[in-house]
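Undergrad: The structure's right below; bear with me while I get my questions together.
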Amino acid sequence: MRAKLDSVATMVGNVLLPPLCRHCGNLADGDAWAPLLCRGCDAEFPIFDGAIAVGGEISRAHAFAEFEGPARRLLIDLKYAGVIRAGRVIGARMAAAPGASKILRGADLVVPVPLHWRRRWRRGHNQAAVLGRAMARERPGLLLANVLRRVRATRPQVGLPHEQRLINVGAAFRLRRHGRVRSAGATIVLVDDVVTTGATACAAAAALLAGGAREVRLYAASVSRL
């Protein structure tokens, strides 16, 4: 009954205050992305759904979209404006993407790249956790596990050269107290919103492997080209 009432309330709200496209401002009537995008931006969503190179100890890496156009707008809105619905929809699309089976097949855990607690407190959410939770809901048997914590409040990676990025996130991650038991022998898929050089993901993977994980893969919502 509650779900029906919520649905009715949403429909009434959409009539009184029609949702606008987060990217261009037109009526958000996109088939796949309503009520986030209009049909035009829906059609232009920059799906990538392919392998990316990040190096380090990550065995394979995959990205759902290019970090541009409507994808960039939704991910920025998720990260900085708290548009959680954007993360839920993108996470579900990541799980259903044709290429997702290459990165998710045989995986035991989905592990979001964590934020430092101060940044998490300021934002009110971890965008990678929103994506990972949505992915796990779409894939029965795939478990979301917050086994990592960020022990250093590193500066933002934006604008840093690759070598400096590696230094910036070096030893920034550590397994939680229960993390060693859950990750031991596991095939883990790290989830993040945007990957540029992969330095952050590689640092997180190093902590997981040091804690006994068998294999670490990476699935990013988007890839940003330098």
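Ordering of the structure tokens sets the chain letters (A, B, ...), residue numbers begin anew at 1 in every chain, and ligands are numbered from 1 in the order given.
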Can you pull out the residues contacting range 98-113 of chain A? Cut-off 8 Å, using only C-alpha atoms, and skip same-chain residues under 3 positions away; I want them as a ChimeraX atom specification.
TA: /A:49-50,60-62,94-95,128-129,131-132,136,141-148,183,186-192,201,204,217-219
Undergrad: Output N, CA and C atoms for every residue in the selection just made, as a short mmCIF file (atom, residue, chain, number, x, y, z; two decimals), in the first residue's frame.
TA:
data_model
loop_
_atom_site.label_atom_id
_atom_site.label_comp_id
_atom_site.auth_asym_id
_atom_site.auth_seq_id
_atom_site.Cartn_x
_atom_site.Cartn_y
_atom_site.Cartn_z
N ASP A 49 31.31 0.74 -22.36
CA ASP A 49 31.16 -0.71 -22.14
C ASP A 49 32.33 -1.51 -22.70
N GLY A 50 33.53 -1.14 -22.27
CA GLY A 50 34.71 -1.84 -22.76
C GLY A 50 35.84 -1.86 -21.76
N ARG A 60 41.95 -7.00 -14.39
CA ARG A 60 41.21 -6.49 -15.55
C ARG A 60 40.37 -5.31 -15.12
N ALA A 61 40.08 -4.44 -16.07
CA ALA A 61 39.31 -3.24 -15.74
C ALA A 61 38.34 -2.93 -16.88
N HIS A 62 37.20 -2.38 -16.50
CA HIS A 62 36.11 -2.15 -17.45
C HIS A 62 35.44 -0.83 -17.09
N MET A 94 25.01 -0.36 -15.20
CA MET A 94 26.32 -1.02 -15.20
C MET A 94 26.17 -2.53 -15.05
N ALA A 95 25.29 -2.95 -14.16
CA ALA A 95 25.10 -4.38 -13.94
C ALA A 95 24.50 -5.07 -15.15
N ALA A 128 30.61 5.92 -4.89
CA ALA A 128 30.97 4.57 -5.32
C ALA A 128 30.10 3.53 -4.62
N ALA A 129 29.75 3.79 -3.35
CA ALA A 129 28.89 2.86 -2.62
C ALA A 129 27.47 2.85 -3.19
N LEU A 131 26.69 3.37 -6.34
CA LEU A 131 26.80 2.59 -7.57
C LEU A 131 26.89 1.09 -7.27
N GLY A 132 27.76 0.74 -6.32
CA GLY A 132 27.95 -0.66 -5.99
C GLY A 132 26.71 -1.31 -5.42
N ALA A 136 24.78 -4.56 -7.02
CA ALA A 136 24.54 -5.79 -6.26
C ALA A 136 23.06 -6.16 -6.25
N GLY A 141 23.48 -12.91 -5.76
CA GLY A 141 24.70 -13.63 -5.41
C GLY A 141 25.93 -12.75 -5.34
N LEU A 142 25.83 -11.53 -5.87
CA LEU A 142 26.95 -10.60 -5.80
C LEU A 142 26.77 -9.73 -4.56
N LEU A 143 27.71 -9.77 -3.64
CA LEU A 143 27.56 -9.11 -2.35
C LEU A 143 28.35 -7.81 -2.28
N LEU A 144 27.71 -6.79 -1.75
CA LEU A 144 28.41 -5.53 -1.50
C LEU A 144 29.13 -5.64 -0.16
N ALA A 145 30.40 -5.29 -0.13
CA ALA A 145 31.18 -5.43 1.10
C ALA A 145 32.05 -4.19 1.30
N ASN A 146 31.81 -3.47 2.37
CA ASN A 146 32.62 -2.29 2.71
C ASN A 146 33.80 -2.72 3.57
N VAL A 147 34.72 -3.43 2.94
CA VAL A 147 35.84 -4.00 3.69
C VAL A 147 37.05 -3.06 3.75
N LEU A 148 37.02 -1.99 2.95
CA LEU A 148 38.14 -1.06 2.93
C LEU A 148 37.80 0.23 3.64
N SER A 183 37.57 -10.83 2.69
CA SER A 183 38.26 -10.72 1.41
C SER A 183 39.23 -11.87 1.15
N ALA A 186 39.00 -14.18 -2.00
CA ALA A 186 37.86 -13.72 -2.79
C ALA A 186 38.30 -13.04 -4.09
N THR A 187 37.45 -13.15 -5.09
CA THR A 187 37.59 -12.37 -6.31
C THR A 187 36.75 -11.12 -6.13
N ILE A 188 37.39 -9.98 -6.15
CA ILE A 188 36.74 -8.72 -5.77
C ILE A 188 36.66 -7.78 -6.97
N VAL A 189 35.50 -7.15 -7.12
CA VAL A 189 35.33 -6.10 -8.12
C VAL A 189 35.26 -4.76 -7.40
N LEU A 190 36.29 -3.95 -7.59
CA LEU A 190 36.28 -2.59 -7.07
C LEU A 190 35.35 -1.75 -7.94
N VAL A 191 34.58 -0.87 -7.32
CA VAL A 191 33.68 0.01 -8.06
C VAL A 191 34.05 1.46 -7.75
N ASP A 192 34.14 2.26 -8.81
CA ASP A 192 34.39 3.69 -8.64
C ASP A 192 33.60 4.46 -9.68
N ALA A 201 42.47 3.39 -7.76
CA ALA A 201 42.02 2.00 -7.78
C ALA A 201 43.18 1.04 -7.51
N ALA A 204 43.92 0.98 -3.84
CA ALA A 204 42.90 0.21 -3.13
C ALA A 204 43.09 -1.28 -3.37
N ARG A 217 39.52 -6.87 -9.57
CA ARG A 217 39.17 -6.27 -10.86
C ARG A 217 38.62 -4.87 -10.58
N LEU A 218 38.39 -4.11 -11.63
CA LEU A 218 37.86 -2.76 -11.48
C LEU A 218 36.71 -2.56 -12.47
N TYR A 219 35.60 -2.03 -11.97
CA TYR A 219 34.49 -1.65 -12.84
C TYR A 219 34.15 -0.20 -12.52
#
Undergrad: Could you pull the residues within 9 Å of Gly185 in chain A, counting only C-alpha atoms, minus those fewer than 4 positions along the same chain, as a list in words?
TA: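 Those residues are Val181, Gly212, Ala213, Arg214 and Glu215 of chain A.
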Undergrad: Write the residues of the selection above to a file with N, CA and C atoms, as a PDB file, in the first residue's frame.
TA:
ATOM      1  N   VAL A 181      38.904 -11.254   6.854  1.00  0.00           N
ATOM      2  CA  VAL A 181      38.150 -12.513   6.795  1.00  0.00           C
ATOM      3  C   VAL A 181      37.287 -12.558   5.541  1.00  0.00           C
ATOM      4  N   GLY A 212      44.797 -10.617   1.447  1.00  0.00           N
ATOM      5  CA  GLY A 212      44.485 -12.008   1.115  1.00  0.00           C
ATOM      6  C   GLY A 212      43.513 -12.218  -0.024  1.00  0.00           C
ATOM      7  N   ALA A 213      43.056 -11.155  -0.689  1.00  0.00           N
ATOM      8  CA  ALA A 213      42.164 -11.333  -1.831  1.00  0.00           C
ATOM      9  C   ALA A 213      42.880 -12.116  -2.930  1.00  0.00           C
ATOM     10  N   ARG A 214      42.126 -12.952  -3.628  1.00  0.00           N
ATOM     11  CA  ARG A 214      42.728 -13.766  -4.694  1.00  0.00           C
ATOM     12  C   ARG A 214      42.947 -12.955  -5.961  1.00  0.00           C
ATOM     13  N   GLU A 215      41.971 -12.096  -6.274  1.00  0.00           N
ATOM     14  CA  GLU A 215      42.033 -11.315  -7.504  1.00  0.00           C
ATOM     15  C   GLU A 215      41.234 -10.028  -7.294  1.00  0.00           C
TER      16      GLU A 215
END
Undergrad: So what do you get for CA of Thr197 in chain A versus CA of Val223 in chain A, distance-wise?
TA: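 Result for CA of Thr197 in chain A versus CA of Val223 in chain A: 9.0 Å, one decimal.
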Undergrad: What is the CA of Met135 in chain A-CA of Phe64 in chain A distance in Å, reported with one decimal?
TA: 12.1 Å
Undergrad: Residues of chain A classed as helix (DSSP H, G or I) by DSSP on the backbone are to be reported as an MDAnalysis selection string.
TA: chainID A and resid 2:16 39:43 69:81 84:96 100:104 117:123 127:138 162:169 179:183 199:210
Undergrad: Restrict the selected residues to C-alpha atoms and save them as a compact mmCIF listing (two decimals), in the first residue's frame.
TA:
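Okay, selection.txt is ready:
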# COMPACT_ATOMS: atom_id res chain seq x y z
CA ARG A 2 2.85 2.38 0.91
CA ALA A 3 4.56 1.67 -2.43
CA LYS A 4 1.33 2.47 -4.33
CA LEU A 5 0.90 5.74 -2.43
CA ASP A 6 4.52 6.70 -3.16
CA SER A 7 3.98 5.91 -6.84
CA VAL A 8 0.84 8.04 -6.98
CA ALA A 9 2.60 10.88 -5.16
CA THR A 10 5.47 10.72 -7.67
CA MET A 11 3.08 10.83 -10.64
CA VAL A 12 1.18 13.80 -9.18
CA GLY A 13 4.45 15.58 -8.47
CA ASN A 14 5.64 14.99 -12.04
CA VAL A 15 2.44 16.54 -13.37
CA LEU A 16 2.65 19.61 -11.14
CA ARG A 39 15.16 11.85 -25.17
CA GLY A 40 17.94 13.72 -26.94
CA CYS A 41 20.45 13.35 -24.10
CA ASP A 42 19.27 9.78 -23.55
CA ALA A 43 20.19 8.99 -27.16
CA GLY A 69 28.16 14.80 -21.98
CA PRO A 70 25.15 13.41 -20.08
CA ALA A 71 27.24 10.81 -18.22
CA ARG A 72 29.56 13.49 -16.87
CA ARG A 73 26.59 15.61 -15.76
CA LEU A 74 24.87 12.76 -13.92
CA LEU A 75 28.05 11.62 -12.19
CA ILE A 76 28.89 15.15 -11.07
CA ASP A 77 25.33 15.54 -9.79
CA LEU A 78 25.66 12.26 -7.90
CA LYS A 79 29.02 13.16 -6.41
CA TYR A 80 28.56 16.81 -5.48
CA ALA A 81 24.82 17.52 -5.55
CA ILE A 84 21.33 9.62 -5.45
CA ARG A 85 18.84 8.49 -8.09
CA ALA A 86 21.48 9.14 -10.74
CA GLY A 87 23.83 6.69 -9.02
CA ARG A 88 21.12 4.09 -8.61
CA VAL A 89 20.17 4.23 -12.28
CA ILE A 90 23.78 4.20 -13.49
CA GLY A 91 24.64 1.32 -11.14
CA ALA A 92 21.71 -0.72 -12.45
CA ARG A 93 22.77 0.03 -16.04
CA MET A 94 26.32 -1.02 -15.20
CA ALA A 95 25.10 -4.38 -13.94
CA ALA A 96 22.96 -4.93 -17.05
CA ALA A 100 29.45 -6.47 -17.58
CA SER A 101 29.64 -10.26 -17.55
CA LYS A 102 33.33 -10.04 -18.48
CA ILE A 103 34.12 -8.18 -15.29
CA LEU A 104 31.47 -9.60 -12.94
CA TRP A 117 35.38 9.79 6.76
CA ARG A 118 35.58 13.58 6.73
CA ARG A 119 34.73 13.82 3.03
CA ARG A 120 32.01 11.20 3.46
CA TRP A 121 30.52 13.24 6.31
CA ARG A 122 30.56 16.47 4.26
CA ARG A 123 28.87 14.89 1.25
CA GLN A 127 29.11 7.84 -4.70
CA ALA A 128 30.97 4.57 -5.32
CA ALA A 129 28.89 2.86 -2.62
CA VAL A 130 25.65 4.08 -4.26
CA LEU A 131 26.80 2.59 -7.57
CA GLY A 132 27.95 -0.66 -5.99
CA ARG A 133 24.73 -1.12 -4.02
CA ALA A 134 22.66 -0.70 -7.17
CA MET A 135 24.85 -3.19 -9.02
CA ALA A 136 24.54 -5.79 -6.26
CA ARG A 137 20.73 -5.45 -6.27
CA GLU A 138 20.69 -6.35 -9.97
CA HIS A 162 50.24 10.34 -12.98
CA GLU A 163 53.35 10.06 -10.81
CA GLN A 164 51.97 12.58 -8.34
CA ARG A 165 48.65 10.73 -8.23
CA LEU A 166 50.44 7.53 -7.23
CA ILE A 167 52.26 9.34 -4.42
CA ASN A 168 49.08 11.09 -3.32
CA VAL A 169 47.13 7.86 -2.74
CA GLY A 179 37.83 -7.10 6.04
CA ARG A 180 40.59 -9.67 6.13
CA VAL A 181 38.15 -12.51 6.79
CA ARG A 182 35.68 -11.43 4.10
CA SER A 183 38.26 -10.72 1.41
CA ALA A 199 46.10 5.34 -9.42
CA THR A 200 43.40 5.37 -6.73
CA ALA A 201 42.02 2.00 -7.78
CA CYS A 202 45.50 0.48 -7.85
CA ALA A 203 46.20 1.69 -4.31
CA ALA A 204 42.90 0.21 -3.13
CA ALA A 205 43.64 -3.07 -4.93
CA ALA A 206 47.06 -3.29 -3.28
CA ALA A 207 45.43 -3.13 0.17
CA LEU A 208 42.92 -5.85 -0.76
CA LEU A 209 45.58 -8.17 -2.17
CA ALA A 210 47.81 -7.62 0.85
Undergrad: For Ser222 in chain A, find every residue with an atom within 8 Å (counting only C-alpha atoms), except residues of its own chain fewer than 2 positions away, and show them as a PyMOL selection string.
TA: chain A and resi 63-67+71+193-195+220+224
Undergrad: The selected residues should be written to file as a tab-separated table (two decimals), in the first residue's frame (atoms: N, CA and C atoms).
TA:
chain	number	residue	atom	x	y	z
A	63	ALA	N	34.96	-0.10	-18.10
A	63	ALA	CA	34.24	1.14	-17.86
A	63	ALA	C	32.89	1.10	-18.57
A	64	PHE	N	31.89	1.64	-17.93
A	64	PHE	CA	30.53	1.65	-18.50
A	64	PHE	C	30.35	2.77	-19.51
A	65	ALA	N	30.88	3.97	-19.24
A	65	ALA	CA	30.65	5.13	-20.11
A	65	ALA	C	31.90	5.98	-20.19
A	66	GLU	N	31.90	6.88	-21.16
A	66	GLU	CA	32.92	7.92	-21.23
A	66	GLU	C	32.48	9.06	-20.28
A	67	PHE	N	33.45	9.69	-19.65
A	67	PHE	CA	33.15	10.79	-18.73
A	67	PHE	C	32.97	12.07	-19.54
A	71	ALA	N	26.65	11.65	-19.27
A	71	ALA	CA	27.24	10.81	-18.22
A	71	ALA	C	28.02	11.67	-17.22
A	193	ASP	N	33.47	5.77	-9.46
A	193	ASP	CA	32.65	6.57	-10.38
A	193	ASP	C	33.43	7.00	-11.61
A	194	VAL	N	34.63	7.52	-11.44
A	194	VAL	CA	35.42	8.00	-12.56
A	194	VAL	C	36.85	7.49	-12.43
A	195	VAL	N	37.39	6.94	-13.50
A	195	VAL	CA	38.78	6.50	-13.51
A	195	VAL	C	39.52	7.30	-14.58
A	220	ALA	N	34.41	0.68	-13.47
A	220	ALA	CA	34.18	2.11	-13.28
A	220	ALA	C	32.92	2.55	-14.01
A	224	SER	N	37.74	8.77	-17.86
A	224	SER	CA	38.08	10.13	-18.29
A	224	SER	C	39.40	10.09	-19.02
Undergrad: For the strand (DSSP E or B) assignment from backbone DSSP, which residues of range 45-220 of chain A qualify? Please present them as a ChimeraX atom specification.
TA: /A:47-51,61-66,109-112,143-144,148-150,173-175,187-195,215-220
